[in-house]
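Novice: Take this structure first; my questions come after.
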Amino acid sequence: MMLMSTPHSPPTNWLLYAALIVVTAIGPLALNIFMPSIPGLVSDLATTSGMAQLTLTLYLAGTAVSQLIYGPLSDRFGRRPVLLIGIVIYIAASVLCAFATTIEMLIASRLLQSFGGAAGMVLTRAIIRDMHDEKSAASVLGYVTMAWAVAPMIAPALGGYLDQLAGWRASFWALAFFGIIALTLAATCLPETNQTRGHTPDQSRFAGYKRLLRNQKFLWLVATLSFTSGVFFAFLGGAPFIMINVLNQSPLDYGLWFSAVAIGYMIGNFISGKFSRTTDTGKMIATGITVATIATLIPFFAALSGNLSPALLFIPMGFIALGNGITLPNATSATLSADPKAIGSAAGLSGFLQSLSGALIAQIVGVIQPDIPLIAIWLMITGAIFSVIAYLFVLHRT
């Protein structure tokens, strides 16, 4: 794979992709490492379950909004400088989270942390698409995502361990340390890949968004991404509560069981990386959606019958994650190909809508689950059904 010429001497491919993996992982790591600590945080900071849930919801909302900003900024000024600034913000916010003494301070710091973490999520996708065509980009996204899926695999277990060892603040010190590693790799290994930066007048900076919002295929692809991801975010928002408060498991148990989800996602991304270059993108997306939708039936019927257990929750979720691992890289690559002159804007807008829907679903779960403990499972199957409907509209527009 040849890199585009840049003012910086590009490193060898393995160093570049290693940097992309680490930089992309800072957002998912910050999102997942804190999950086992949320139930205990309620008593530690003398707050409510709904307020504690805002540390997740506003993180997702901040990630969504900031992606709208990073997209056009990177189209205008380049991927590299915008990415480096974002990582610096992430490090500073992680330190602020570790020093938080009230739930309000923690929520505000998490919001700032989300802004920094979103840089890696948006700009690595744009960098990969800068360097590859649609099918190759889907394959590379699959392999890169497979590798950085290690972060959400180990994050809940690590968070649960750190929480038991030294309290919830230890997780944020770990995130700050990881951010320093990401900054070092990004500064030394990532060249500038946006060859059209600075060519667009200021008044046209957001023109890409206008074109994308009129592109029906793009919008239905984003809807497919959002509903597919929504299944995971419903699970993410409800699984800690279900495990700890309904199934009487420990935060560490949650973290260990969560490994099944990350392993499934890694396998799905490996399949995507292996076959996306030679298989029709539409077939890959359809396969992933089918696997995920069928898997949601297992926890749904287990909950209806009163037989829900950690295995019947997490093992099917592993297959859902496998399906998502096939669907998301291919659907993401398709959305980034909607407008070749606004790849950064497409990454930002699709990421915004995807993260915003995830934040709304996670908060709905957090607010309702004290009264309806298994609401996450009902929303999971609802999201799966709507992902099928959305993709049928994509096929209709093709």
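In the structure tokens, chains take letters A, B, ... by order of appearance, with residues numbered from 1 within each chain and ligands from 1 in the order shown.
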Which neighbours of Ile91 (chain A) fall inside 10 Å, counting only C-alpha atoms, when residues of the same chain fewer than 4 positions from it are skipped, and could you give them as number ranges by chain?

Specialist: A: 26, 86-87, 95-96, 112-113, 116-117, 172-173, 175-180, 182-183

Novice: Quick one: residues within 12 Å of Gly264 (chain A), only C-alpha atoms, excluding same-chain residues fewer than 4 positions away - as a count of residues only?

Specialist: 30

Novice: Quick one: residues within 12 Å of Thr101 (chain A), only C-alpha atoms counted, chain neighbours fewer than 2 positions away excluded, as a compact mmCIF listing (two decimals) with N, CA and C atoms, in the first residue's frame?

Specialist:
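Listed below is the output, out14.txt:
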# COMPACT_ATOMS: atom_id res chain seq x y z
N LEU A 41 -20.08 4.78 42.07
CA LEU A 41 -19.92 6.23 42.05
C LEU A 41 -21.11 6.94 42.69
N ASP A 44 -20.32 7.11 46.35
CA ASP A 44 -19.06 7.80 46.63
C ASP A 44 -19.19 9.32 46.50
N LEU A 45 -19.92 9.78 45.51
CA LEU A 45 -20.11 11.22 45.31
C LEU A 45 -21.49 11.69 45.76
N ALA A 46 -22.20 10.83 46.49
CA ALA A 46 -23.52 11.19 47.04
C ALA A 46 -24.43 11.75 45.96
N THR A 47 -24.61 10.98 44.89
CA THR A 47 -25.43 11.44 43.78
C THR A 47 -26.48 10.39 43.46
N LEU A 96 -8.19 16.12 35.01
CA LEU A 96 -9.28 16.82 35.71
C LEU A 96 -10.30 15.83 36.27
N CYS A 97 -10.61 14.78 35.51
CA CYS A 97 -11.54 13.75 36.00
C CYS A 97 -11.00 13.09 37.26
N ALA A 98 -9.70 12.82 37.28
CA ALA A 98 -9.10 12.16 38.43
C ALA A 98 -9.17 13.03 39.69
N PHE A 99 -9.19 14.35 39.52
CA PHE A 99 -9.24 15.26 40.67
C PHE A 99 -10.66 15.70 41.03
N ILE A 103 -19.96 15.40 41.50
CA ILE A 103 -20.46 14.78 40.28
C ILE A 103 -20.51 15.80 39.14
N GLU A 104 -20.80 17.07 39.49
CA GLU A 104 -20.85 18.11 38.45
C GLU A 104 -19.48 18.33 37.83
N MET A 105 -18.44 18.34 38.67
CA MET A 105 -17.08 18.51 38.15
C MET A 105 -16.67 17.33 37.29
N LEU A 106 -17.06 16.13 37.71
CA LEU A 106 -16.73 14.94 36.93
C LEU A 106 -17.45 14.96 35.58
N ILE A 107 -18.71 15.33 35.58
CA ILE A 107 -19.47 15.39 34.33
C ILE A 107 -18.84 16.39 33.36
N ALA A 108 -18.48 17.58 33.88
CA ALA A 108 -17.87 18.61 33.03
C ALA A 108 -16.53 18.13 32.47
N SER A 109 -15.74 17.46 33.31
CA SER A 109 -14.44 16.95 32.86
C SER A 109 -14.61 15.83 31.84
N TRP A 168 -12.30 4.60 41.81
CA TRP A 168 -12.59 4.96 40.43
C TRP A 168 -11.62 5.98 39.84
N ARG A 169 -10.95 6.77 40.66
CA ARG A 169 -10.02 7.79 40.14
C ARG A 169 -8.82 7.16 39.43

Novice: Nearest to Tyr59 (chain A): which of A:Val365, A:Leu356, A:Leu16, A:Leu374 is it, counting only C-alpha atoms?

Specialist: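 Ranking A:Val365, A:Leu356, A:Leu16, A:Leu374 by distance to Tyr59 (chain A), first place goes to A:Leu356.
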
Novice: Would you list the contacts of Ser309 (chain A) as a ChimeraX atom specification, taking every protein, DNA or RNA residue within 9 Å and counting only C-alpha atoms, but skipping same-chain residues closer than 3 positions in sequence?

Specialist: /A:243,247,299,302-303,312-314

Novice: Rounded to one decimal in Å, what is the spacing between CA of Ala359 (chain A) and CA of Phe233 (chain A)?

Specialist: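 Result for CA of Ala359 (chain A) versus CA of Phe233 (chain A): 7.6 Å, one decimal.
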
Novice: For Met121 (chain A), please output as an MDAnalysis selection string all residues within 9 Å (counting only C-alpha atoms; exclusion window: fewer than 5 positions along the same chain).

Specialist: chainID A and resid 23:28 63 67 347 351

Novice: For the residues selected in the previous step, produce a file with C-alpha atoms as a short mmCIF file (atom, residue, chain, number, x, y, z; two decimals), in the first residue's frame.

Specialist:
data_model
loop_
_atom_site.label_atom_id
_atom_site.label_comp_id
_atom_site.auth_asym_id
_atom_site.auth_seq_id
_atom_site.Cartn_x
_atom_site.Cartn_y
_atom_site.Cartn_z
CA VAL A 23 -4.95 7.03 18.64
CA THR A 24 -8.33 5.57 17.72
CA ALA A 25 -8.43 3.53 20.93
CA ILE A 26 -8.32 6.49 23.34
CA GLY A 27 -12.01 7.26 22.85
CA PRO A 28 -13.36 3.70 23.32
CA THR A 63 -18.23 12.93 21.18
CA GLN A 67 -17.09 15.23 15.47
CA ALA A 347 -16.59 11.30 8.85
CA GLY A 351 -19.92 10.12 13.55
#

Novice: From the options A:Gln164, A:Ala30, A:Asp339, A:Ser171, which residue's atoms come nearest to Leu111 (chain A), counting only C-alpha atoms?

Specialist: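 Of A:Gln164, A:Ala30, A:Asp339, A:Ser171, the one nearest Leu111 (chain A), counting only C-alpha atoms, is A:Ala30.
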
Novice: Closest to Val388 (chain A) among A:Ser66, A:Thr335, A:Thr287, A:Thr224, using only C-alpha atoms?

Specialist: A:Thr224

Novice: With a distance cut-off of 9 Å and only C-alpha atoms, select the neighbouring residues of region 82-84 of chain A, excluding the residue or stretch itself and same-chain residues fewer than 2 positions from it, and output the selection as number ranges by chain.

Specialist: A: 23, 70, 73-74, 77-80, 86-89, 116, 119-120, 123-124, 183, 186-187
